[in-house]
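Structure, as structure tokens:
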Amino acid sequence: MAKHGALLFYHAFTILILTMSLLSKATSEDREVSIVYLGSLPHGVYSPLSHHHSILQRVIQGSSLESLLVRSYKRSFNGFAAKLTDQEREKLAKMEEVVSVFPSRTYQLQTTRSWDFMGFDEKINRNATVESDIIVGVIDSGIWPESESFTDIGFGPAPKRWKGACKGGKNFTCNNKLIGARYYTAESARDGTGHGTHTASTAAGNGVKDASFYGLAQGTARGGVPSARIAAYKVCAPTCMAHNILAAFDDAINDGVDIITISIGLGFMADVYGDAISIGAFHAMENGILTTNSAGNNGPSDGTVSSPAPWILTVAASSIDRRIIDKVVFGIGTTVVGNSVNSFTLNGTSFPLAHGKDVSSNCTEEDAGYCKEGCLDSQLVKGKIVLCDRYTSAIPEAYKAGALGSVVLNFYNDDDLSLILPLAATALHPKEYSVMMSYMNSTRDPQGTILKSEHIKDPAAPHVAFFSSRGPNLIFPEIIKPDISAPGVQILAAYSPDTSISEFEDKRHVKYKIMSGTSMACPHAAGVAAYVKSFHPDWSPAAIKSSLMTTAWPMNDTSTKSNISTGEFAYGSGHINPVKAINPGLVYEASKEDYIRLLCMKYDEGKVRLVSGDNSTCPTDKGSPLDHNYPSMAAKVTPMNPFAVKFHRRVKNVGLANSSYKATIFQDSKVEIKVVPEILSFKSLNEEKAFDVTVAGSGVPFGSQVSTKLVWFDGTHSVRSPIVVYTAAMQMQDQYPF
């Protein structure tokens with residue numbers, strides 16, 4: 001499995017918790033997601049997002065709008081969804097411009113969901129002929145070629161420009177869908193972990209109806225560009241070595257892929273010159289290929305994102321509006337909710353409950369309560385559901401000992417992850433676990449049962465996953481990382497049927513599996529990038545990247561224990577929006593020369609010249625990294641000192657030939673922002689205009705950030721760029737010389 005896959009399971013053991021408590025009662029001040037309906041869209045020049053913020057500002061006090069606004073409706077009708085109190089709902093309902101205010105009710109889900117959740121359903125407008133000419137290169141753990149997600153029914157021959165080969169090894173056959181395969185470890189390109197099959201089908205798999213994991217998440221499993229071709233490059237079996245990764249980049253670039261998705265990372269941030277992915281992606285970029293890379297699964301700690309290079313699209317993981325939960329019923333019907341993907345059913349029958357310390361014969365009371373390895377007596381646990389005070393060792397021990405089921409305690413703050421377990425089991429938050437233990441201690445013959453998992457609707461989605469790695473960027477502090485967020489929680493996609501479905505010596509095998517991680521988010525972004533390229537084949541990697549970032553849904557993130565790792569350092573420019581991305585209006589273009597100029601500001605000229613492959617020299621006035629033409633803007637400043645930073649940017653018109661864009665700044669009271677000029681007028685397509693953004697303030701506290709955004713609006717297109725000024729204590733710890 002890829003490193004991120006391995007990291008996923010490692011962190012899953014330590015961050016799995018239950019969903020929101022069903023035992024507490026809401027107060028009148030609790031916020032609930034509600035819909036504020038404003039009727040039809042007004043004619044003429046109008047900025048829905050600005051109006052929505054204006055309305056909220058009239059009723060919200062003491063809270064950040066960014067943390068409360070869940071969605072803006074601005075395509076077919078006018079309105080928004082926000083987290084509101086009863087009092088705020090009453091105030092909004094009395095406004096003349098508001099038609100109605102009502103709670104966001106729960107509906108039954110009926111698809112595999114992640115693409116539909118983004119408004120990217122099967123009926124979306126596609127350029128099918130061009131899409132079939134797009135080749136997605138997947139650098140991962142290989143692929144399962146016989147999967148229905150990769151059949152070639154209806155596909156013609158591979159694109160004529162394809163120069164790759166099918167070198168998948170013994171008993172491995174390519175087709176007109178899976179047009180290429182290479183391996184750099186093991187003896188075949190066949191996927192032995194399921195990870196590469198999952199990511200490949202997420203990016204570009206065929207639509208497969210009625211796919212599910214034991215009935216869970218049932219629907220049509222499909223990739224973002226189902227008509228596109230796939231080339232698989234196996235570099236993990238299960239470890240992923242840097243030299244193999246570079247070899248895969250070398251081949252993929254020459255083979256002629258259009259997009260590269262790589263859900264692999266170091267697990268920490270390394271200098272770009274010491275990172276195989278950064279190096280490979282740079283050369284992919286200079287050949288017109290965009291690389292998407294997973295941000296990592298080491299969140300929510302600061303500076304954990306492992307993909308710092310500005311020529312890479314770094315992808316965070318976020319939730320979708322389907323959550324998989326599990327319920328435990330005990331006593332006279334008390335029900336608590338936990339997290340797991342539990343495909344087992346106990347038929348609603350109650351069974352004896354036992355705490356670990358009561359079914360052990362050879363461990364201390366504390367170790368037995370934790371259900372540590374070797375502590376549970378197989379004779380004593382037989383036919384019982386065992387409660388354990390710790391998760392890490394408990395599930396494998398309960399399974400090994402032969403317990404009927406297990407309920408374990410988990411302390412960590414994560415509502416996102418439900419792990420596949422080898423027996424009827426779930427993990428409970430301390431509050432729910434305490435309720436269950438109180439029942440156990442007050443009853444002579446405690447009885448209970450664990451229900452099969454089910455899915456519920458999460459109307460507040462998307463939010464950034466707890467495990468998703470955070471910024472800031474320790475290599476390029478002026479470049480916000482991650483760049484964007486995409487679905488990465490409980491994603492159903494193709495899997496290797498010969499591979500165990502869990503890490504517990506589980507003997508079950510499936511063709512489609514639910515997985516979570518930034519590894520799952522990355523191919524979603526790759527699929528959208530390929531979709532954009534199918535409409536704009538001549539766009540550069542930077543233009544495609546810009547289109548994804550500036551059209552993203554605004555997000556907020558409050559699910560972190562760290563101050564600096566909130567906001568843009570968790571989700572970048574926001575949540576990817578496939579429908580809007582093909583028509584961004586303006587793009588922030590960047591060429592190889594722009595990246596070289598940025599490298600000149602940080603590295604030795606001689607080494608930069610080696611990277612560029614030409615005789616170019618670094619300018620005497622190297623300039624400022626603040627001026628690199630990136631779709632987002634960031635500046636690291638000295639804590640509590642007055643500051644004034646200036647960003648220089650240029651945008652290219654890819655919308656309407658004759659158009660005029662007006663700048664809107666969503667001001668933060670802590671800073672003063674000025675845009676010059678405030679209006680950009682274009683007379684033709686591909687025309688470029690420059691502007692400056694100045695941000696000044698009296699000081700930012702240590703370990704904090706101030707966030708705002710710039711939106712260019714022409715009446716049709718909203719081109720949004722986040723602006724972050726921050727302070728941080730973290731410094732680069734590991735330097736890797738080129």
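Going through the structure tokens in order, the chains are called A, B, and so on, while each chain numbers its residues from 1 and the ligands are numbered from 1 in the order shown.
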
Considering only alpha helix (DSSP H) as DSSP defines it on the backbone, what residues of segment 533-738 of chain A qualify? List them as a tab-separated table (two decimals) with all heavy atoms, in the first residue's frame.
```
chain	number	residue	atom	x	y	z
A	533	LYS	N	-9.54	19.90	-18.57
A	533	LYS	CA	-8.67	19.78	-19.74
A	533	LYS	C	-9.45	19.30	-20.97
A	533	LYS	O	-9.11	19.66	-22.10
A	533	LYS	CB	-7.51	18.84	-19.45
A	533	LYS	CG	-6.41	18.86	-20.52
A	533	LYS	CD	-5.20	18.08	-20.10
A	533	LYS	CE	-4.12	18.16	-21.17
A	533	LYS	NZ	-3.57	19.53	-21.34
A	534	SER	N	-10.50	18.52	-20.75
A	534	SER	CA	-11.29	18.05	-21.89
A	534	SER	C	-12.02	19.21	-22.58
A	534	SER	O	-12.36	19.12	-23.76
A	534	SER	CB	-12.29	16.98	-21.44
A	534	SER	OG	-13.35	17.53	-20.68
A	535	PHE	N	-12.26	20.30	-21.85
A	535	PHE	CA	-12.88	21.49	-22.44
A	535	PHE	C	-11.83	22.50	-22.91
A	535	PHE	O	-12.10	23.33	-23.77
A	535	PHE	CB	-13.81	22.16	-21.43
A	535	PHE	CG	-15.14	21.46	-21.27
A	535	PHE	CD1	-15.27	20.41	-20.38
A	535	PHE	CD2	-16.24	21.84	-22.02
A	535	PHE	CE1	-16.48	19.75	-20.23
A	535	PHE	CE2	-17.46	21.19	-21.88
A	535	PHE	CZ	-17.59	20.14	-20.99
A	541	PRO	N	-0.80	23.63	-17.12
A	541	PRO	CA	-1.09	23.10	-15.78
A	541	PRO	C	-1.48	24.19	-14.80
A	541	PRO	O	-2.39	24.00	-13.98
A	541	PRO	CB	0.22	22.42	-15.39
A	541	PRO	CG	0.86	22.03	-16.68
A	541	PRO	CD	0.49	23.13	-17.64
A	542	ALA	N	-0.80	25.34	-14.87
A	542	ALA	CA	-1.12	26.44	-13.94
A	542	ALA	C	-2.52	26.98	-14.18
A	542	ALA	O	-3.23	27.33	-13.23
A	542	ALA	CB	-0.08	27.55	-14.09
A	543	ALA	N	-2.93	27.07	-15.45
A	543	ALA	CA	-4.27	27.58	-15.76
A	543	ALA	C	-5.35	26.62	-15.24
A	543	ALA	O	-6.37	27.05	-14.69
A	543	ALA	CB	-4.42	27.79	-17.26
A	544	ILE	N	-5.13	25.32	-15.42
A	544	ILE	CA	-6.08	24.33	-14.91
A	544	ILE	C	-6.14	24.41	-13.38
A	544	ILE	O	-7.22	24.42	-12.78
A	544	ILE	CB	-5.69	22.92	-15.37
A	544	ILE	CG1	-5.81	22.80	-16.89
A	544	ILE	CG2	-6.57	21.87	-14.69
A	544	ILE	CD1	-5.30	21.49	-17.45
A	545	LYS	N	-4.97	24.49	-12.77
A	545	LYS	CA	-4.90	24.59	-11.32
A	545	LYS	C	-5.61	25.84	-10.82
A	545	LYS	O	-6.39	25.80	-9.86
A	545	LYS	CB	-3.44	24.60	-10.89
A	545	LYS	CG	-3.20	24.70	-9.41
A	545	LYS	CD	-1.70	24.62	-9.13
A	545	LYS	CE	-1.40	24.77	-7.66
A	545	LYS	NZ	0.04	24.65	-7.39
A	546	SER	N	-5.39	26.95	-11.49
A	546	SER	CA	-6.04	28.21	-11.13
A	546	SER	C	-7.56	28.08	-11.24
A	546	SER	O	-8.29	28.56	-10.37
A	546	SER	CB	-5.54	29.34	-12.03
A	546	SER	OG	-6.25	30.53	-11.81
A	547	SER	N	-8.03	27.44	-12.28
A	547	SER	CA	-9.48	27.31	-12.48
A	547	SER	C	-10.12	26.52	-11.34
A	547	SER	O	-11.23	26.83	-10.91
A	547	SER	CB	-9.78	26.65	-13.83
A	547	SER	OG	-9.45	25.27	-13.82
A	548	LEU	N	-9.42	25.50	-10.85
A	548	LEU	CA	-9.93	24.71	-9.74
A	548	LEU	C	-9.95	25.52	-8.45
A	548	LEU	O	-10.91	25.44	-7.66
A	548	LEU	CB	-9.09	23.45	-9.54
A	548	LEU	CG	-9.52	22.18	-10.30
A	548	LEU	CD1	-9.60	22.43	-11.81
A	548	LEU	CD2	-8.55	21.04	-10.01
A	549	MET	N	-8.92	26.33	-8.24
A	549	MET	CA	-8.79	27.06	-6.98
A	549	MET	C	-9.72	28.26	-6.90
A	549	MET	O	-10.36	28.51	-5.87
A	549	MET	CB	-7.34	27.49	-6.78
A	549	MET	CG	-6.38	26.33	-6.57
A	549	MET	SD	-4.63	26.81	-6.58
A	549	MET	CE	-4.53	27.82	-5.11
A	550	THR	N	-9.83	29.03	-7.97
A	550	THR	CA	-10.61	30.28	-7.90
A	550	THR	C	-12.11	30.07	-7.98
A	550	THR	O	-12.89	30.98	-7.68
A	550	THR	CB	-10.18	31.25	-9.01
A	550	THR	OG1	-10.45	30.66	-10.28
A	550	THR	CG2	-8.71	31.61	-8.89
A	568	GLU	N	-7.56	28.46	5.76
A	568	GLU	CA	-6.89	28.13	4.50
A	568	GLU	C	-5.75	27.13	4.67
A	568	GLU	O	-5.41	26.43	3.73
A	568	GLU	CB	-6.37	29.41	3.85
A	568	GLU	CG	-7.45	30.31	3.28
A	568	GLU	CD	-8.22	31.09	4.33
A	568	GLU	OE1	-7.77	31.11	5.51
A	568	GLU	OE2	-9.27	31.67	3.99
A	569	PHE	N	-5.16	27.04	5.86
A	569	PHE	CA	-4.10	26.05	6.07
A	569	PHE	C	-4.67	24.65	6.24
A	569	PHE	O	-3.92	23.68	6.35
A	569	PHE	CB	-3.25	26.43	7.28
A	569	PHE	CG	-2.42	27.67	7.06
A	569	PHE	CD1	-2.36	28.65	8.02
A	569	PHE	CD2	-1.72	27.84	5.88
A	569	PHE	CE1	-1.59	29.79	7.81
A	569	PHE	CE2	-0.95	28.96	5.65
A	569	PHE	CZ	-0.88	29.95	6.62
A	570	ALA	N	-5.97	24.53	6.28
A	570	ALA	CA	-6.63	23.23	6.31
A	570	ALA	C	-7.20	22.87	4.94
A	570	ALA	O	-7.09	21.73	4.49
A	570	ALA	CB	-7.74	23.20	7.36
A	571	TYR	N	-7.83	23.84	4.26
A	571	TYR	CA	-8.54	23.53	3.02
A	571	TYR	C	-8.09	24.34	1.82
A	571	TYR	O	-8.64	24.19	0.73
A	571	TYR	CB	-10.05	23.73	3.21
A	571	TYR	CG	-10.45	25.07	3.79
A	571	TYR	CD1	-10.37	26.23	3.05
A	571	TYR	CD2	-10.92	25.16	5.10
A	571	TYR	CE1	-10.73	27.46	3.57
A	571	TYR	CE2	-11.29	26.39	5.64
A	571	TYR	CZ	-11.20	27.53	4.87
A	571	TYR	OH	-11.55	28.75	5.39
A	578	PRO	N	-16.48	21.11	-9.57
A	578	PRO	CA	-16.24	20.72	-10.96
A	578	PRO	C	-17.03	21.50	-11.99
A	578	PRO	O	-16.51	21.83	-13.06
A	578	PRO	CB	-16.64	19.23	-10.97
A	578	PRO	CG	-16.59	18.79	-9.56
A	578	PRO	CD	-16.95	19.99	-8.74
A	579	VAL	N	-18.29	21.79	-11.69
A	579	VAL	CA	-19.16	22.44	-12.67
A	579	VAL	C	-18.66	23.84	-13.00
A	579	VAL	O	-18.62	24.25	-14.17
A	579	VAL	CB	-20.61	22.50	-12.15
A	579	VAL	CG1	-21.50	23.22	-13.15
A	579	VAL	CG2	-21.14	21.09	-11.90
A	580	LYS	N	-18.24	24.59	-11.99
A	580	LYS	CA	-17.76	25.95	-12.20
A	580	LYS	C	-16.36	26.00	-12.79
A	580	LYS	O	-15.98	26.98	-13.45
A	580	LYS	CB	-17.77	26.72	-10.88
A	580	LYS	CG	-19.15	27.03	-10.34
A	580	LYS	CD	-19.84	28.09	-11.19
A	580	LYS	CE	-21.14	28.54	-10.54
A	580	LYS	NZ	-21.86	29.54	-11.36
A	581	ALA	N	-15.56	24.97	-12.56
A	581	ALA	CA	-14.14	25.02	-12.91
A	581	ALA	C	-13.88	25.14	-14.41
A	581	ALA	O	-12.84	25.63	-14.82
A	581	ALA	CB	-13.42	23.79	-12.35
A	592	LYS	N	7.02	27.89	-16.74
A	592	LYS	CA	8.26	27.33	-16.20
A	592	LYS	C	9.18	28.45	-15.74
A	592	LYS	O	9.82	28.36	-14.68
A	592	LYS	CB	8.94	26.47	-17.26
A	592	LYS	CG	10.31	25.96	-16.85
A	592	LYS	CD	10.97	25.22	-18.00
A	592	LYS	CE	12.41	24.85	-17.67
A	592	LYS	NZ	13.09	24.18	-18.80
A	593	GLU	N	9.25	29.53	-16.53
A	593	GLU	CA	10.12	30.66	-16.18
A	593	GLU	C	9.69	31.30	-14.85
A	593	GLU	O	10.54	31.75	-14.08
A	593	GLU	CB	10.10	31.69	-17.30
A	593	GLU	CG	10.81	31.27	-18.57
A	593	GLU	CD	10.09	30.16	-19.33
A	593	GLU	OE1	8.83	30.10	-19.25
A	593	GLU	OE2	10.77	29.34	-20.00
A	594	ASP	N	8.41	31.34	-14.59
A	594	ASP	CA	7.93	31.88	-13.32
A	594	ASP	C	8.39	31.03	-12.14
A	594	ASP	O	8.78	31.56	-11.09
A	594	ASP	CB	6.40	31.98	-13.32
A	594	ASP	CG	5.88	33.04	-14.28
A	594	ASP	OD1	6.40	34.16	-14.24
A	594	ASP	OD2	4.97	32.73	-15.06
A	595	TYR	N	8.32	29.71	-12.31
A	595	TYR	CA	8.77	28.83	-11.24
A	595	TYR	C	10.28	28.92	-11.05
A	595	TYR	O	10.79	28.87	-9.92
A	595	TYR	CB	8.34	27.39	-11.53
A	595	TYR	CG	6.85	27.19	-11.53
A	595	TYR	CD1	6.19	26.77	-12.69
A	595	TYR	CD2	6.09	27.40	-10.38
A	595	TYR	CE1	4.82	26.59	-12.70
A	595	TYR	CE2	4.72	27.21	-10.38
A	595	TYR	CZ	4.09	26.81	-11.55
A	595	TYR	OH	2.73	26.64	-11.55
A	596	ILE	N	11.01	29.04	-12.17
A	596	ILE	CA	12.46	29.21	-12.08
A	596	ILE	C	12.80	30.49	-11.32
A	596	ILE	O	13.70	30.52	-10.48
A	596	ILE	CB	13.09	29.23	-13.49
A	596	ILE	CG1	12.98	27.84	-14.15
A	596	ILE	CG2	14.53	29.69	-13.44
A	596	ILE	CD1	13.76	26.76	-13.44
A	597	ARG	N	12.07	31.55	-11.61
A	597	ARG	CA	12.31	32.82	-10.93
A	597	ARG	C	12.07	32.66	-9.42
A	597	ARG	O	12.81	33.22	-8.60
A	597	ARG	CB	11.38	33.89	-11.51
A	597	ARG	CG	11.70	35.31	-11.07
A	597	ARG	CD	10.83	36.33	-11.78
A	597	ARG	NE	11.01	36.28	-13.23
A	597	ARG	CZ	10.09	35.86	-14.10
A	597	ARG	NH1	8.91	35.46	-13.67
A	597	ARG	NH2	10.33	35.84	-15.39
A	598	LEU	N	11.05	31.90	-9.06
A	598	LEU	CA	10.79	31.65	-7.65
A	598	LEU	C	11.92	30.84	-7.02
A	598	LEU	O	12.37	31.13	-5.89
A	598	LEU	CB	9.46	30.91	-7.49
A	598	LEU	CG	9.03	30.58	-6.05
A	598	LEU	CD1	8.79	31.85	-5.24
A	598	LEU	CD2	7.76	29.72	-6.06
A	599	LEU	N	12.41	29.84	-7.73
A	599	LEU	CA	13.51	29.03	-7.21
A	599	LEU	C	14.78	29.87	-7.04
A	599	LEU	O	15.57	29.64	-6.12
A	599	LEU	CB	13.78	27.84	-8.15
A	599	LEU	CG	12.69	26.77	-8.22
A	599	LEU	CD1	13.04	25.71	-9.26
A	599	LEU	CD2	12.47	26.12	-6.86
A	600	CYS	N	14.95	30.84	-7.93
A	600	CYS	CA	16.11	31.73	-7.83
A	600	CYS	C	16.12	32.50	-6.51
A	600	CYS	O	17.17	32.89	-6.01
A	600	CYS	CB	16.12	32.72	-8.99
A	600	CYS	SG	16.74	32.04	-10.56
A	605	GLU	N	22.05	29.66	-7.81
A	605	GLU	CA	21.79	29.84	-9.25
A	605	GLU	C	22.26	28.65	-10.08
A	605	GLU	O	21.59	28.24	-11.03
A	605	GLU	CB	22.47	31.12	-9.74
A	605	GLU	CG	22.22	31.40	-11.22
A	605	GLU	CD	22.85	32.71	-11.66
A	605	GLU	OE1	22.78	33.70	-10.91
A	605	GLU	OE2	23.41	32.73	-12.79
A	606	GLY	N	23.37	28.11	-9.72
A	606	GLY	CA	23.88	26.98	-10.49
A	606	GLY	C	22.95	25.78	-10.45
A	606	GLY	O	22.71	25.13	-11.47
A	607	LYS	N	22.40	25.51	-9.28
A	607	LYS	CA	21.47	24.39	-9.16
A	607	LYS	C	20.15	24.69	-9.88
A	607	LYS	O	19.55	23.81	-10.49
A	607	LYS	CB	21.23	24.08	-7.68
A	607	LYS	CG	22.45	23.53	-6.98
A	607	LYS	CD	22.19	23.26	-5.51
A	607	LYS	CE	23.43	22.69	-4.84
A	607	LYS	NZ	23.22	22.44	-3.40
A	608	VAL	N	19.74	25.94	-9.81
A	608	VAL	CA	18.52	26.33	-10.52
A	608	VAL	C	18.71	26.14	-12.02
A	608	VAL	O	17.81	25.67	-12.73
A	608	VAL	CB	18.14	27.79	-10.20
A	608	VAL	CG1	17.01	28.26	-11.10
A	608	VAL	CG2	17.74	27.93	-8.74
A	609	ARG	N	19.90	26.49	-12.51
A	609	ARG	CA	20.18	26.33	-13.94
A	609	ARG	C	20.14	24.86	-14.33
A	609	ARG	O	19.67	24.51	-15.41
A	609	ARG	CB	21.55	26.94	-14.27
A	609	ARG	CG	21.81	27.02	-15.78
A	609	ARG	CD	23.17	27.63	-16.10
A	609	ARG	NE	23.25	29.00	-15.60
A	609	ARG	CZ	24.12	29.42	-14.69
A	609	ARG	NH1	24.99	28.57	-14.16
A	609	ARG	NH2	24.14	30.67	-14.31
A	610	LEU	N	20.57	23.99	-13.44
A	610	LEU	CA	20.49	22.56	-13.72
A	610	LEU	C	19.04	22.09	-13.81
A	610	LEU	O	18.69	21.26	-14.65
A	610	LEU	CB	21.24	21.77	-12.64
A	610	LEU	CG	22.76	21.88	-12.63
A	610	LEU	CD1	23.34	21.19	-11.40
A	610	LEU	CD2	23.36	21.29	-13.90
A	611	VAL	N	18.26	22.61	-12.95
A	611	VAL	CA	16.84	22.24	-12.96
A	611	VAL	C	16.16	22.75	-14.23
A	611	VAL	O	15.38	22.04	-14.87
A	611	VAL	CB	16.12	22.80	-11.71
A	611	VAL	CG1	14.62	22.56	-11.81
A	611	VAL	CG2	16.67	22.16	-10.46
A	612	SER	N	16.46	23.98	-14.61
A	612	SER	CA	15.81	24.57	-15.78
A	612	SER	C	16.28	23.94	-17.08
A	612	SER	O	15.55	23.93	-18.07
A	612	SER	CB	16.06	26.08	-15.82
A	612	SER	OG	17.42	26.35	-16.06
```

Please provide the set of residues having any atom within 9 Å of segment 424-431 of chain A, restricted to only C-alpha atoms, with same-chain residues fewer than 6 positions apart removed, written as an mmCIF file with C-alpha atoms, in the first residue's frame.
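File produced: out-v9.cif:
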```
data_model
loop_
_atom_site.group_PDB
_atom_site.id
_atom_site.type_symbol
_atom_site.label_atom_id
_atom_site.label_comp_id
_atom_site.auth_asym_id
_atom_site.auth_seq_id
_atom_site.Cartn_x
_atom_site.Cartn_y
_atom_site.Cartn_z
ATOM 1 C CA LEU A 16 -11.477 7.187 15.209
ATOM 2 C CA ILE A 17 -14.429 8.452 17.360
ATOM 3 C CA LEU A 18 -18.184 8.446 17.284
ATOM 4 C CA THR A 19 -20.515 10.775 15.465
ATOM 5 C CA SER A 21 -23.850 12.681 20.511
ATOM 6 C CA ILE A 325 -22.222 5.224 11.705
ATOM 7 C CA ASP A 326 -22.940 2.278 13.966
ATOM 8 C CA LYS A 327 -25.336 1.924 16.895
ATOM 9 C CA VAL A 328 -25.101 -0.016 20.136
ATOM 10 C CA VAL A 336 -25.583 5.181 21.612
ATOM 11 C CA VAL A 337 -23.909 5.997 18.313
ATOM 12 C CA GLY A 338 -20.346 5.124 17.385
ATOM 13 C CA ASN A 339 -18.101 4.980 14.344
ATOM 14 C CA SER A 340 -17.241 1.899 12.330
ATOM 15 C CA VAL A 341 -17.989 0.261 9.026
ATOM 16 C CA ASN A 342 -19.651 -2.810 10.494
ATOM 17 C CA SER A 343 -21.072 -5.191 7.914
ATOM 18 C CA PHE A 344 -21.972 -7.819 10.513
ATOM 19 C CA THR A 345 -25.470 -8.249 11.887
ATOM 20 C CA LEU A 346 -26.395 -9.818 15.196
ATOM 21 C CA ILE A 385 -19.522 -8.472 23.457
ATOM 22 C CA TYR A 391 -8.911 1.179 20.821
ATOM 23 C CA ILE A 395 -10.003 -4.772 18.223
ATOM 24 C CA LEU A 404 -18.675 -12.120 19.434
ATOM 25 C CA GLY A 405 -18.222 -8.352 19.240
ATOM 26 C CA SER A 406 -16.451 -5.421 20.815
ATOM 27 C CA VAL A 407 -17.157 -1.858 21.933
ATOM 28 C CA VAL A 408 -14.044 0.261 22.429
ATOM 29 C CA LEU A 409 -13.235 3.685 23.847
ATOM 30 C CA ASN A 410 -11.695 6.335 21.640
ATOM 31 C CA PHE A 411 -10.584 9.726 22.954
ATOM 32 C CA TYR A 412 -9.721 11.434 19.684
ATOM 33 C CA ASN A 413 -11.627 14.287 18.080
ATOM 34 C CA SER A 418 -15.273 4.845 10.196
ATOM 35 C CA ILE A 450 -24.390 -4.004 17.963
ATOM 36 C CA LEU A 451 -26.369 -3.107 14.854
ATOM 37 C CA LYS A 452 -25.116 -3.225 11.300
#
```

Could you give me, as JSON lines, every segment 598-640 of chain A residue with an atom at most 10 Å from segment 701-713 of chain A, plus its closest atom pair and distance in Å to one decimal, counting only C-alpha atoms, rows ordered by chain then number?
```
{"residue": "A:Ser632", "atom": "CA", "partner": "A:Lys709", "partner_atom": "CA", "distance": 8.9}
{"residue": "A:Met633", "atom": "CA", "partner": "A:Lys709", "partner_atom": "CA", "distance": 9.0}
{"residue": "A:Ala634", "atom": "CA", "partner": "A:Ser707", "partner_atom": "CA", "distance": 9.2}
{"residue": "A:Ala635", "atom": "CA", "partner": "A:Gln705", "partner_atom": "CA", "distance": 9.8}
{"residue": "A:Lys636", "atom": "CA", "partner": "A:Gln705", "partner_atom": "CA", "distance": 9.0}
{"residue": "A:Val637", "atom": "CA", "partner": "A:Phe702", "partner_atom": "CA", "distance": 9.7}
{"residue": "A:Thr638", "atom": "CA", "partner": "A:Phe702", "partner_atom": "CA", "distance": 8.2}
{"residue": "A:Pro639", "atom": "CA", "partner": "A:Phe702", "partner_atom": "CA", "distance": 4.9}
{"residue": "A:Met640", "atom": "CA", "partner": "A:Pro701", "partner_atom": "CA", "distance": 5.3}
```

| request: Measure the distance from atom CA of Asn347 of chain A to atom CA of Thr334 of chain A in Å and round it to one decimal. | output: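 Separation between atom CA of Asn347 of chain A and atom CA of Thr334 of chain A: 17.0 Å.
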
| query | Which neighbours of segment 41-53 of chain A fall inside 12 Å, counting only C-alpha atoms, when residues of the same chain fewer than 6 positions from it are skipped, and could you give them as a PyMOL selection string? | reply | chain A and resi 35+59-60+64-82+92+97-98+553-554+660-667+709-720

| atom CA of Arg126 of chain A to atom CA of Gly154 of chain A: how many Å, to one decimal? |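 If I compute the distance from atom CA of Arg126 of chain A to atom CA of Gly154 of chain A, I get 16.2 Å.
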
How close does each residue of segment 256-371 of chain A get to segment 474-479 of chain A, giving the shortest atom pair and distance in Å to one decimal for every residue with an atom at most 7 Å away, counting only C-alpha atoms, sorted by chain and residue number, as a tab-separated table?
```
residue	atom	partner	partner_atom	distance
A:Asp271	CA	A:Ile475	CA	6.3
A:Gly303	CA	A:Leu474	CA	6.5
A:Pro308	CA	A:Ile475	CA	6.4
A:Pro310	CA	A:Ile479	CA	6.8
```

| field | Neighbour list for Asp275 of chain A as a ChimeraX atom specification, cut-off 12 Å, only C-alpha atoms, skip fewer than 4 positions in-chain | value | /A:241-243,245-246,264-271,279-282,306-309,475,734-738
